[in-house]
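Data from run16.cif: mmCIF, C-alpha atoms
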```cif
data_query
#
loop_
_atom_site.label_atom_id
_atom_site.label_comp_id
_atom_site.auth_asym_id
_atom_site.auth_seq_id
_atom_site.Cartn_x
_atom_site.Cartn_y
_atom_site.Cartn_z
CA MET H 1 107.39 86.60 69.03
CA ALA H 2 110.01 85.97 71.63
CA VAL H 3 111.88 82.71 71.38
CA ASP H 4 111.17 80.23 74.15
CA GLN H 5 114.05 80.51 76.60
CA ASN H 6 114.52 76.76 77.14
CA LEU H 7 114.41 76.07 73.43
CA LYS H 8 116.96 78.79 72.88
CA ILE H 9 119.35 77.25 75.40
CA GLU H 10 118.84 73.81 73.91
CA LEU H 11 119.54 75.10 70.39
CA GLY H 12 122.56 76.96 71.69
CA LYS H 13 124.01 73.69 72.99
CA GLN H 14 123.65 72.32 69.47
CA GLY H 15 125.51 75.28 68.02
CA VAL H 16 122.44 77.08 66.68
CA PHE H 17 122.01 80.74 67.61
CA VAL H 18 118.44 82.00 67.59
CA THR H 19 117.38 85.54 68.24
CA THR H 20 114.92 88.21 67.17
CA ILE H 21 115.65 91.48 65.42
CA ASN H 22 114.26 93.26 68.46
CA GLU H 23 116.67 91.51 70.81
CA LEU H 24 119.68 91.94 68.57
CA TYR H 25 118.95 95.58 67.95
CA ASN H 26 118.52 96.38 71.65
CA TRP H 27 121.58 94.34 72.57
CA GLY H 28 123.60 96.50 70.20
CA ARG H 29 122.11 99.69 71.57
CA LYS H 30 122.55 98.87 75.23
CA SER H 31 126.13 97.71 74.75
CA SER H 32 127.43 100.94 73.29
CA VAL H 33 125.82 103.80 75.15
CA TRP H 34 128.18 106.70 74.80
CA PRO H 35 127.83 109.31 77.52
CA MET H 36 128.38 112.97 76.94
CA GLN H 37 131.52 114.46 78.45
CA PHE H 38 129.98 117.07 80.67
CA GLY H 39 129.97 117.59 84.43
CA LEU H 40 128.29 120.26 86.52
CA ALA H 41 129.57 119.93 90.09
CA CYS H 42 131.06 117.54 92.64
CA CYS H 43 129.05 114.55 91.33
CA ALA H 44 131.14 114.86 88.17
CA ILE H 45 134.19 113.81 90.23
CA GLU H 46 132.40 110.56 91.14
CA MET H 47 131.44 110.16 87.48
CA ILE H 48 135.09 110.53 86.50
CA ALA H 49 136.04 107.97 89.16
CA THR H 50 133.47 105.59 87.66
CA THR H 51 135.18 105.74 84.28
CA MET H 52 138.64 105.14 85.75
CA ALA H 53 140.35 101.78 86.16
CA ARG H 54 138.98 100.91 89.60
CA TYR H 55 135.28 101.01 88.66
CA ASP H 56 135.76 100.89 84.88
CA LEU H 57 132.55 101.94 83.18
CA ALA H 58 134.13 100.61 79.95
CA ARG H 59 133.03 97.12 81.02
CA PHE H 60 129.51 98.19 80.09
CA GLY H 61 130.43 99.60 76.71
CA ALA H 62 130.34 103.19 77.87
CA GLU H 63 134.01 104.07 77.84
CA VAL H 64 133.81 106.73 75.17
CA PHE H 65 132.81 110.04 76.70
CA ARG H 66 132.00 112.13 73.64
CA PRO H 67 132.92 115.80 73.76
CA SER H 68 130.02 116.63 71.42
CA PRO H 69 126.29 116.17 72.09
CA ARG H 70 125.87 115.12 68.44
CA GLN H 71 127.80 111.90 69.07
CA ALA H 72 126.44 111.10 72.53
CA ASP H 73 123.58 108.80 73.54
CA LEU H 74 123.49 109.45 77.25
CA MET H 75 123.49 112.64 79.26
CA ILE H 76 124.63 112.18 82.86
CA VAL H 77 123.44 115.31 84.67
CA SER H 78 126.09 115.13 87.35
CA GLY H 79 125.68 117.91 89.86
CA THR H 80 123.79 121.05 90.80
CA VAL H 81 121.88 122.64 87.95
CA THR H 82 121.76 126.36 88.57
CA LYS H 83 119.04 128.41 86.95
CA LYS H 84 121.74 130.12 84.94
CA MET H 85 122.95 126.76 83.62
CA ALA H 86 119.54 125.11 83.07
CA PRO H 87 118.90 126.62 79.59
CA GLN H 88 122.29 125.36 78.45
CA VAL H 89 121.60 121.84 79.78
CA VAL H 90 118.28 121.72 77.92
CA ARG H 91 119.95 123.06 74.79
CA LEU H 92 122.63 120.34 74.98
CA TYR H 93 119.91 117.74 75.38
CA ASN H 94 118.15 119.11 72.30
CA GLN H 95 121.37 118.83 70.33
CA MET H 96 121.75 115.13 71.09
CA ALA H 97 120.59 112.69 68.43
CA GLU H 98 117.93 110.06 69.17
CA PRO H 99 117.99 107.59 70.79
CA ARG H 100 119.06 109.54 73.84
CA TYR H 101 118.81 108.90 77.54
CA VAL H 102 119.28 110.93 80.71
CA ILE H 103 120.60 109.87 84.10
CA ALA H 104 120.00 112.50 86.80
CA MET H 105 122.89 111.89 89.18
CA GLY H 106 122.76 113.00 92.80
CA ALA H 107 120.41 114.89 95.09
CA CYS H 108 120.89 118.22 93.29
CA ALA H 109 120.13 116.97 89.81
CA ILE H 110 116.99 115.13 90.92
CA SER H 111 115.52 117.76 93.27
CA GLY H 112 117.86 120.63 94.04
CA GLY H 113 119.28 118.71 97.00
CA PRO H 114 120.71 120.74 99.86
CA PHE H 115 120.30 123.89 97.76
CA LYS H 116 116.60 123.33 97.15
CA GLN H 117 115.63 126.49 99.01
CA GLY H 118 118.24 128.55 97.19
CA TYR H 119 117.35 131.34 94.81
CA ASN H 120 119.50 130.16 91.91
CA VAL H 121 119.13 126.38 91.97
CA LEU H 122 116.78 124.43 89.74
CA LYS H 123 114.64 122.01 91.74
CA GLY H 124 115.42 119.02 89.56
CA ILE H 125 116.36 118.75 85.90
CA ASP H 126 113.22 116.65 85.31
CA ARG H 127 111.34 119.95 85.23
CA TYR H 128 112.59 120.46 81.67
CA ILE H 129 113.76 117.17 80.16
CA PRO H 130 112.57 113.56 80.54
CA VAL H 131 114.83 111.66 82.95
CA ASP H 132 115.21 107.89 82.60
CA VAL H 133 117.08 107.04 85.80
CA HIS H 134 117.29 109.06 89.02
CA ILE H 135 120.11 108.30 91.47
CA PRO H 136 119.89 109.70 95.00
CA GLY H 137 123.02 110.38 97.02
CA CYS H 138 125.25 113.30 97.80
CA PRO H 139 127.28 112.43 95.86
CA PRO H 140 126.28 108.89 94.80
CA ARG H 141 129.17 106.44 94.95
CA PRO H 142 130.54 105.06 91.68
CA GLU H 143 128.71 101.80 92.43
CA ALA H 144 125.45 103.75 92.44
CA LEU H 145 126.24 105.22 89.05
CA LEU H 146 127.10 101.75 87.76
CA HIS H 147 123.77 100.53 89.12
CA ALA H 148 121.99 103.39 87.40
CA PHE H 149 123.77 102.51 84.19
CA MET H 150 122.75 98.87 84.49
CA THR H 151 119.16 99.98 85.18
CA LEU H 152 119.29 102.04 82.00
CA GLN H 153 120.63 99.04 80.06
CA LYS H 154 117.74 96.94 81.36
CA LYS H 155 115.35 99.64 80.27
CA ILE H 156 116.85 99.71 76.76
CA GLU H 157 116.80 95.93 76.59
CA GLY H 158 113.12 95.83 77.47
CA GLN H 159 112.03 98.37 74.91
CA SER H 160 109.84 97.02 72.14
CA LEU H 161 110.51 98.37 68.67
CA THR H 162 106.86 98.61 67.79
CA GLY H 163 103.69 99.58 69.60
CA GLU H 164 102.90 102.28 72.08
CA GLU H 165 106.01 101.73 74.22
CA ARG H 166 108.51 101.98 71.37
CA PRO H 167 111.51 104.28 71.86
CA ARG H 168 111.17 107.88 70.79
CA HIS H 169 113.40 107.62 67.75
CA LEU H 170 111.06 105.05 66.19
CA ASP H 171 108.00 107.20 66.76
CA ALA H 172 107.56 109.77 63.99
CA GLU H 173 105.03 111.69 66.06
CA ALA H 174 107.25 111.93 69.14
CA GLN H 175 108.41 115.20 70.57
CA GLY H 176 112.05 115.85 69.69
CA LEU H 177 112.71 119.41 70.77
CA PHE H 178 112.19 120.45 74.34
CA PRO H 179 111.60 124.17 74.92
CA VAL H 180 114.64 125.94 76.30
CA PRO H 181 113.73 128.13 79.30
CA GLU H 182 114.48 131.83 78.95
CA PRO H 183 116.24 133.82 81.66
CA GLY H 184 113.60 136.23 82.94
CA ALA H 185 113.60 139.22 85.28
CA HIS H 186 112.94 137.19 88.43
CA ASP H 187 113.14 133.52 87.44
CA ILE H 188 113.67 131.38 84.37
CA GLU H 189 110.57 131.31 82.17
CA PRO H 190 108.66 129.05 82.28
CA PRO H 191 109.54 127.53 85.70
CA ALA H 192 108.84 124.03 84.34
CA ASN H 193 107.86 122.27 81.14
CA SER H 194 104.33 120.97 81.74
CA GLU H 195 104.83 118.34 79.00
CA VAL H 196 107.30 116.47 81.15
CA TRP H 197 106.72 117.66 84.71
CA HIS H 198 103.81 118.25 87.03
CA PHE H 199 103.60 119.51 90.56
CA PRO H 200 103.81 116.45 92.83
CA ILE H 201 100.41 115.25 93.92
CA ILE H 202 100.04 115.15 97.69
CA ARG H 203 97.37 112.99 99.21
CA MET N 1 150.64 145.81 114.36
CA LYS N 2 149.14 149.09 115.40
CA THR N 3 145.88 148.93 117.30
CA VAL N 4 142.73 150.07 115.59
CA GLU N 5 142.79 153.30 117.58
CA GLU N 6 146.33 154.02 116.39
CA ILE N 7 145.38 153.24 112.80
CA LYS N 8 142.46 155.61 113.12
CA ALA N 9 144.75 158.36 114.40
CA ALA N 10 147.24 157.67 111.61
CA ILE N 11 144.48 157.92 109.00
CA GLU N 12 143.21 161.17 110.42
CA ALA N 13 146.74 162.60 110.36
CA ALA N 14 147.44 161.43 106.81
CA VAL N 15 144.11 162.12 105.12
CA PRO N 16 142.75 165.47 106.25
CA GLY N 17 138.97 165.60 106.55
CA ALA N 18 138.52 161.84 106.48
CA GLY N 19 135.63 160.71 108.63
CA VAL N 20 136.67 157.53 110.42
CA THR N 21 134.44 155.93 113.03
CA LEU N 22 135.55 153.06 115.21
CA LEU N 23 132.99 150.27 115.38
CA PRO N 24 133.85 148.13 118.39
CA ASN N 25 133.34 144.38 118.32
CA ALA N 26 132.35 143.10 121.74
CA SER N 27 133.05 139.43 120.97
CA PRO N 28 136.20 137.70 122.30
CA SER N 29 137.90 138.14 118.92
CA GLY N 30 137.79 141.88 119.49
CA GLN N 31 138.06 142.50 115.79
CA HIS N 32 137.09 146.17 115.75
CA SER N 33 136.44 147.76 112.41
CA LEU N 34 136.79 151.19 110.91
CA LEU N 35 133.84 152.82 109.24
CA LEU N 36 135.01 155.13 106.45
CA ASP N 37 132.99 157.88 104.88
CA ALA N 38 132.46 157.17 101.20
CA ASP N 39 133.98 160.44 99.96
CA HIS N 40 137.40 159.81 101.49
CA ALA N 41 137.36 156.01 101.48
CA PHE N 42 139.53 155.66 98.40
CA ALA N 43 142.24 157.99 99.75
CA VAL N 44 142.14 156.24 103.12
CA ALA N 45 142.41 152.82 101.50
CA LYS N 46 145.33 154.00 99.42
CA PHE N 47 147.01 155.22 102.59
CA LEU N 48 146.41 151.86 104.31
CA ARG N 49 148.00 150.06 101.36
CA ASP N 50 151.00 152.36 100.90
CA ASP N 51 151.82 153.38 104.47
CA ALA N 52 155.21 152.00 105.53
CA ASP N 53 153.99 150.79 108.93
CA LEU N 54 150.85 149.08 107.71
CA THR N 55 151.58 147.94 104.12
CA LEU N 56 148.19 146.24 103.83
CA ASP N 57 148.99 144.79 100.45
CA TYR N 58 146.47 141.95 100.43
CA LEU N 59 142.69 142.22 100.31
CA SER N 60 141.34 138.85 101.37
CA ASN N 61 137.65 139.38 101.07
CA VAL N 62 134.79 141.74 100.36
CA THR N 63 131.41 141.16 101.95
CA GLY N 64 128.07 142.85 101.67
CA VAL N 65 125.65 143.41 104.52
CA ASP N 66 122.05 144.54 104.22
CA TRP N 67 120.73 146.57 107.12
CA LEU N 68 116.97 147.06 106.99
CA ASP N 69 115.13 150.12 108.24
CA LYS N 70 114.65 149.70 111.95
CA GLU N 71 112.11 151.16 114.28
CA VAL N 72 113.68 152.63 117.39
CA THR N 73 111.60 153.32 120.47
CA GLU N 74 113.08 155.53 123.13
CA LYS N 75 111.77 157.08 126.30
CA VAL N 76 112.28 160.81 126.51
CA LYS N 77 111.59 163.06 129.47
CA VAL N 78 109.73 166.13 128.30
CA ALA N 79 108.83 169.25 130.27
CA LYS N 80 105.13 170.00 129.72
CA GLN N 81 102.58 172.53 130.90
CA VAL N 82 99.89 170.56 132.66
CA PRO N 83 96.65 172.09 134.01
CA LYS N 84 96.15 171.30 137.68
CA GLU N 85 93.77 172.24 140.43
CA VAL N 86 95.53 174.24 143.03
CA ASP N 87 94.25 175.59 146.33
CA GLY N 88 94.26 179.32 145.91
CA PRO N 89 93.09 182.17 148.07
CA GLU N 90 89.61 181.97 146.42
CA GLY N 91 89.14 178.23 146.76
CA LYS N 92 90.15 175.71 144.10
CA GLN N 93 91.59 177.11 140.94
CA VAL N 94 93.03 175.72 137.69
CA GLN N 95 96.55 176.70 137.09
CA MET N 96 99.20 175.64 134.55
CA VAL N 97 102.01 173.80 136.22
CA GLU N 98 105.22 172.58 134.61
CA GLU N 99 105.86 168.88 135.00
CA THR N 100 108.27 166.41 133.50
CA VAL N 101 106.47 163.63 131.68
CA GLU N 102 107.98 160.51 130.23
CA GLU N 103 107.06 159.97 126.60
CA THR N 104 107.83 157.06 124.34
CA ARG N 105 108.81 158.16 120.88
CA LYS N 106 109.22 156.01 117.85
CA HIS N 107 111.27 156.89 114.86
CA ILE N 108 112.55 154.89 111.93
CA GLU N 109 116.27 154.67 111.42
CA PRO N 110 116.81 154.34 107.69
CA GLY N 111 118.55 151.19 106.50
CA TYR N 112 121.67 151.06 104.40
CA LEU N 113 123.90 148.65 102.56
CA GLU N 114 127.38 148.00 103.83
CA ALA N 115 130.55 146.69 102.23
CA VAL N 116 133.15 145.10 104.52
CA TYR N 117 136.77 144.65 103.43
CA HIS N 118 139.34 142.50 105.23
CA LEU N 119 142.90 143.68 104.70
CA PHE N 120 146.10 141.83 105.51
CA SER N 121 149.78 142.48 104.99
CA MET N 122 151.77 139.77 103.30
CA LYS N 123 154.97 141.70 103.74
CA LYS N 124 154.59 142.49 107.44
CA LYS N 125 152.58 139.35 108.20
CA HIS N 126 149.83 141.08 110.07
CA GLY N 127 146.13 141.68 109.86
CA PRO N 128 143.28 141.75 109.50
CA VAL N 129 142.28 145.37 109.40
CA VAL N 130 138.55 145.53 108.79
CA ILE N 131 137.16 148.54 106.97
CA ARG N 132 133.53 149.22 106.21
CA MET N 133 131.66 151.61 103.96
CA ARG N 134 127.96 152.38 104.05
CA THR N 135 125.60 153.66 101.39
CA LYS N 136 123.19 156.51 102.13
CA ASN N 137 120.11 154.29 101.79
CA ARG N 138 118.98 150.95 100.37
CA THR N 139 117.05 152.14 97.35
CA ASP N 140 118.48 154.83 95.08
CA ASP N 141 121.62 156.21 96.68
CA VAL N 142 123.64 153.00 96.71
CA GLU N 143 126.99 154.12 95.36
CA LEU N 144 130.33 153.40 96.99
CA PRO N 145 133.84 153.94 95.65
CA SER N 146 135.39 150.81 94.19
CA LEU N 147 138.67 149.67 95.69
CA THR N 148 139.53 147.53 92.67
CA PRO N 149 142.11 150.07 91.39
CA LEU N 150 144.00 149.48 94.66
CA TRP N 151 143.55 145.72 95.06
CA ARG N 152 142.81 143.65 91.94
CA SER N 153 141.40 140.90 94.14
CA ALA N 154 138.40 143.14 94.80
CA GLU N 155 137.24 142.94 91.20
CA PHE N 156 135.17 139.74 91.25
CA GLN N 157 134.11 140.19 94.86
CA GLU N 158 132.77 143.67 94.25
CA ARG N 159 130.92 142.26 91.24
CA GLU N 160 129.43 139.63 93.52
CA VAL N 161 128.39 142.24 96.08
CA PHE N 162 126.87 144.30 93.26
CA ASP N 163 125.03 141.22 91.99
CA LEU N 164 123.64 140.00 95.28
CA TYR N 165 123.19 143.25 97.25
CA GLY N 166 122.97 145.95 94.58
CA ILE N 167 125.77 148.21 95.79
CA VAL N 168 127.06 150.17 92.79
CA PHE N 169 130.85 150.52 92.95
CA THR N 170 131.91 153.64 91.10
CA GLY N 171 135.29 153.33 89.44
CA HIS N 172 134.98 149.56 89.00
CA PRO N 173 136.42 148.57 85.60
CA ASP N 174 133.79 145.96 84.72
CA LEU N 175 130.72 146.07 86.95
CA ARG N 176 128.43 143.31 85.66
CA ARG N 177 126.49 140.57 87.37
CA ILE N 178 128.69 137.58 88.09
CA LEU N 179 126.46 134.82 89.51
CA MET N 180 123.00 135.66 88.24
CA TRP N 181 122.21 136.20 84.56
CA ASP N 182 122.29 139.64 82.96
CA GLY N 183 118.54 140.18 82.62
CA PHE N 184 117.94 139.41 86.31
CA LYS N 185 116.37 142.31 88.20
CA ASP N 186 116.54 141.43 91.92
CA HIS N 187 119.34 141.29 94.45
CA PRO N 188 118.82 137.90 96.11
CA MET N 189 120.87 138.41 99.28
CA ARG N 190 118.86 141.45 100.36
CA LYS N 191 116.67 140.72 103.33
CA ASP N 192 113.48 141.83 101.58
CA TYR N 193 114.09 139.64 98.52
CA VAL N 194 110.99 137.71 97.45
CA GLU N 195 111.77 134.36 95.85
CA PRO N 196 109.84 133.19 92.81
CA ASP N 197 107.08 130.77 93.72
CA ASP N 198 108.62 127.62 92.27
CA PHE N 199 107.93 125.77 95.45
CA GLU N 200 107.89 121.99 95.46
CA TYR N 201 106.39 119.59 97.96
CA GLU N 202 108.60 119.00 100.99
CA PRO N 203 108.13 115.73 102.85
CA THR N 204 109.07 117.22 106.23
CA ALA N 205 107.96 120.80 105.88
CA HIS N 206 108.28 122.91 108.99
CA ASP N 207 108.71 126.54 110.02
CA LYS N 208 109.37 128.80 107.05
CA VAL N 209 109.08 125.98 104.54
CA LEU N 210 105.69 125.00 105.94
CA GLU N 211 104.58 128.63 105.63
CA ARG N 212 105.71 128.73 102.02
CA HIS N 213 103.97 125.46 101.38
CA LYS N 214 100.70 126.91 102.72
CA GLN N 215 101.08 130.08 100.67
CA HIS N 216 101.80 128.06 97.55
CA MET N 217 98.80 125.82 98.16
CA ALA N 218 96.54 128.83 98.71
CA LYS N 219 97.63 130.13 95.31
CA THR N 220 97.44 126.95 93.28
CA GLY N 221 94.90 124.82 95.08
CA PRO N 222 95.65 121.42 96.58
CA GLY N 223 97.19 118.49 94.83
CA GLU N 224 96.57 117.97 91.21
CA GLN N 225 97.11 121.45 89.83
CA PRO N 226 100.46 122.27 88.31
CA ALA N 227 102.82 124.72 89.97
CA ALA N 228 102.23 128.43 89.57
CA GLY N 229 103.25 129.79 86.18
CA VAL N 230 103.02 126.44 84.47
CA THR N 231 100.52 126.46 81.66
CA ALA N 232 98.91 123.09 81.19
#
```

Please rewrite the model in this file as structure tokens.
Amino acid sequence: MAVDQNLKIELGKQGVFVTTINELYNWGRKSSVWPMQFGLACCAIEMIATTMARYDLARFGAEVFRPSPRQADLMIVSGTVTKKMAPQVVRLYNQMAEPRYVIAMGACAISGGPFKQGYNVLKGIDRYIPVDVHIPGCPPRPEALLHAFMTLQKKIEGQSLTGEERPRHLDAEAQGLFPVPEPGAHDIEPPANSEVWHFPIIR
Amino acid sequence: MKTVEEIKAAIEAAVPGAGVTLLPNASPSGQHSLLLDADHAFAVAKFLRDDADLTLDYLSNVTGVDWLDKEVTEKVKVAKQVPKEVDGPEGKQVQMVEETVEETRKHIEPGYLEAVYHLFSMKKKHGPVVIRMRTKNRTDDVELPSLTPLWRSAEFQEREVFDLYGIVFTGHPDLRRILMWDGFKDHPMRKDYVEPDDFEYEPTAHDKVLERHKQHMAKTGPGEQPAAGVTA
């Protein structure tokens, strides 16, 4: 289906623009990913720096941080997710409209980081919601967040609109709601969503 | 500022019947503290705040300490009647003789929870004066008087101590959990707190983490099984 790259360039020189619906659609999607305005800890400071003039996330079409999950496409989990906060993070994710993406920013959001052995820190937000891009670092520099954002854009660009690999919003069967963990007597219940997370396999 | 001994004497003069014990600190800082009995602690604290010489108007922090039950072994010399063969007029003979014998005795000193307050004076620019209070035990008799009516800065910190150690501050205006959620049952900073088994693989596990890793693996089986509590 894809247009031959050389032919496309040749036609372009002649003033003819050729594309596919797939390409055009994904180009539109990747160029206006609106993140949700929400920060959890110190990584949020780096996230704020990324949006400011020096690093300027607006270059990538992501300048509008929406204060409502209903209007946001991207959730940047920036910082430590405590067990007290985890149900709220999952609930916010559930409230976002498809297509939606998640960047887990920093050591805490991807694994619990330096607080991994703590009693009130979730060992990675990927226990409850599907994460598209993980960024290590404590905190990651704004360049790392930009890199993560570009990785996400590449991922969106590469998505096919049909077939098995199509994005979730084009799949009527796809899971939309992710169960919100309940605060229990000793831990949040359940400790992980087995639909999205499994205990790491050690060989 | 007055020395701790002088403060102790001043307290005993001002609050009759107050039990104040001096707990010396052997470290170079020499920050000795005063252990107050819970019944008079509020009156003593009020005196420390309002006394013209001390004017400890600023409470900088409240800390909890968990002291577990500890087994104490001590050697005691006991006088005992011991049978012994003695040369008597009719040959050898058994007779009871008193002897001192050394015995090792073990007893368990019950644990307690402790709240430590650091007081300063903004007006007089001195401090800290460290006061402590101890509960009767670690399980059911865990009440201490709240000092929040005297220093508002104690409010959140006493809530934190209540949350993490389980000391119940009587007279606190709003004693709820502050860091953990409301339905939470444990007190995570207590030394006998058992963490939920949400263990994850550690690439460089050692010591305690390695032990936890082994325990977790014994429970869930190696590798491919999901973590405990996760229903596939």

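The gap separating CA of Ala86 (chain H) from CA of Ala62 (chain H) is 25.0 Å, in Å to one decimal.
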
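Across N:Ala43, N:Glu5, N:Leu150, N:His216, the tightest approach to chain H is made by N:His216 when counting only C-alpha atoms.
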
Exercise. Residues at most 12 Å from Pro24 (chain N), counting all atoms listed in the file, excluding those fewer than 5 positions away in the same chain, as a ChimeraX atom specification?
Worked result: /N:4-5,29-35,130-131

Against chain N, which residues of chain H fall within 8 Å? For each one I want the closest pair of atoms and the distance in Å (one decimal), counting all atoms listed in the file, rows by chain and increasing residue number, as a Markdown table.
```
| residue | atom | partner | partner_atom | distance |
| --- | --- | --- | --- | --- |
| H:Lys84 | CA | N:Trp181 | CA | 6.1 |
| H:Tyr119 | CA | N:Glu195 | CA | 6.4 |
| H:Asn120 | CA | N:Met180 | CA | 7.5 |
| H:Lys123 | CA | N:Glu200 | CA | 7.7 |
| H:Pro183 | CA | N:Gly183 | CA | 6.8 |
| H:Gly184 | CA | N:Gly183 | CA | 6.3 |
| H:Ala185 | CA | N:Phe184 | CA | 4.5 |
| H:His186 | CA | N:Phe184 | CA | 5.9 |
| H:Asp187 | CA | N:Pro196 | CA | 6.3 |
| H:Pro190 | CA | N:Val230 | CA | 6.6 |
| H:Pro191 | CA | N:Asp198 | CA | 6.6 |
| H:Ala192 | CA | N:Val230 | CA | 6.3 |
| H:Asn193 | CA | N:Val230 | CA | 7.2 |
| H:Ser194 | CA | N:Ala232 | CA | 5.8 |
| H:Glu195 | CA | N:Ala232 | CA | 7.9 |
| H:His198 | CA | N:Pro226 | CA | 5.4 |
| H:Phe199 | CA | N:Pro226 | CA | 4.7 |
| H:Pro200 | CA | N:Tyr201 | CA | 6.5 |
| H:Ile201 | CA | N:Gly223 | CA | 4.7 |
| H:Ile202 | CA | N:Gly223 | CA | 5.2 |
| H:Arg203 | CA | N:Gly223 | CA | 7.0 |
```

Extending 8 Å beyond the listed atoms of region 106-114 of chain N on each side, what axis-aligned box results? I want centre and edge lengths in Å to one decimal, as lines of an AutoDock Vina configuration file.
```
center_x = 118.3
center_y = 152.4
center_z = 110.2
size_x = 34.2
size_y = 24.9
size_z = 31.3
```

Given the PyMOL selection byres ((chain H and resi 78) around 8) and the file above, list the residues it selects as a compact mmCIF listing (two decimals) with C-alpha atoms, keeping the file's coordinate frame.
```
# COMPACT_ATOMS: atom_id res chain seq x y z
CA PHE H 38 129.98 117.07 80.67
CA GLY H 39 129.97 117.59 84.43
CA LEU H 40 128.29 120.26 86.52
CA ALA H 41 129.57 119.93 90.09
CA CYS H 42 131.06 117.54 92.64
CA CYS H 43 129.05 114.55 91.33
CA ALA H 44 131.14 114.86 88.17
CA MET H 47 131.44 110.16 87.48
CA ILE H 76 124.63 112.18 82.86
CA VAL H 77 123.44 115.31 84.67
CA GLY H 79 125.68 117.91 89.86
CA THR H 80 123.79 121.05 90.80
CA ALA H 104 120.00 112.50 86.80
CA MET H 105 122.89 111.89 89.18
CA GLY H 106 122.76 113.00 92.80
CA ALA H 109 120.13 116.97 89.81
```

For this session: Find the residues around Glu23 (chain H) up to 10 Å (only C-alpha atoms counted), leave out those fewer than 6 positions away in its own chain, and share them as a ChimeraX atom specification.
Result: /H:2,29,157-161

For this session: Evaluate the PyMOL selection byres ((chain H and resi 103) around 9) here and jot the selected residues down as an NGL selection string.
Result: :H and (74-78 or 101-102 or 104-105 or 131-135 or 145 or 148-149 or 152)

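For the pair CA of Ala13 (chain N) and CA of Leu48 (chain N), the interatomic distance is 12.3 Å.
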
Exercise. Hey, can you check how far CA of Pro167 (chain H) sits from CA of Gly124 (chain H)?
Worked result: 23.4 Å

For this session: Decode the PyMOL selection byres ((chain N and resi 109) around 9) for the given file into explicit residues and return them as a PyMOL selection string.
Result: chain N and resi 68-72+107-108+110-111

For this session: Might you pull out every residue within 8 Å of Leu36 (chain N), with all atoms listed in the file counted and same-chain residues fewer than 5 positions away left off, and present them as a list in words?
Result: Ala18, Gly19, Val20, Thr21, Ala41, Val44, Ile131, Arg132, Met133 and Arg134 of chain N
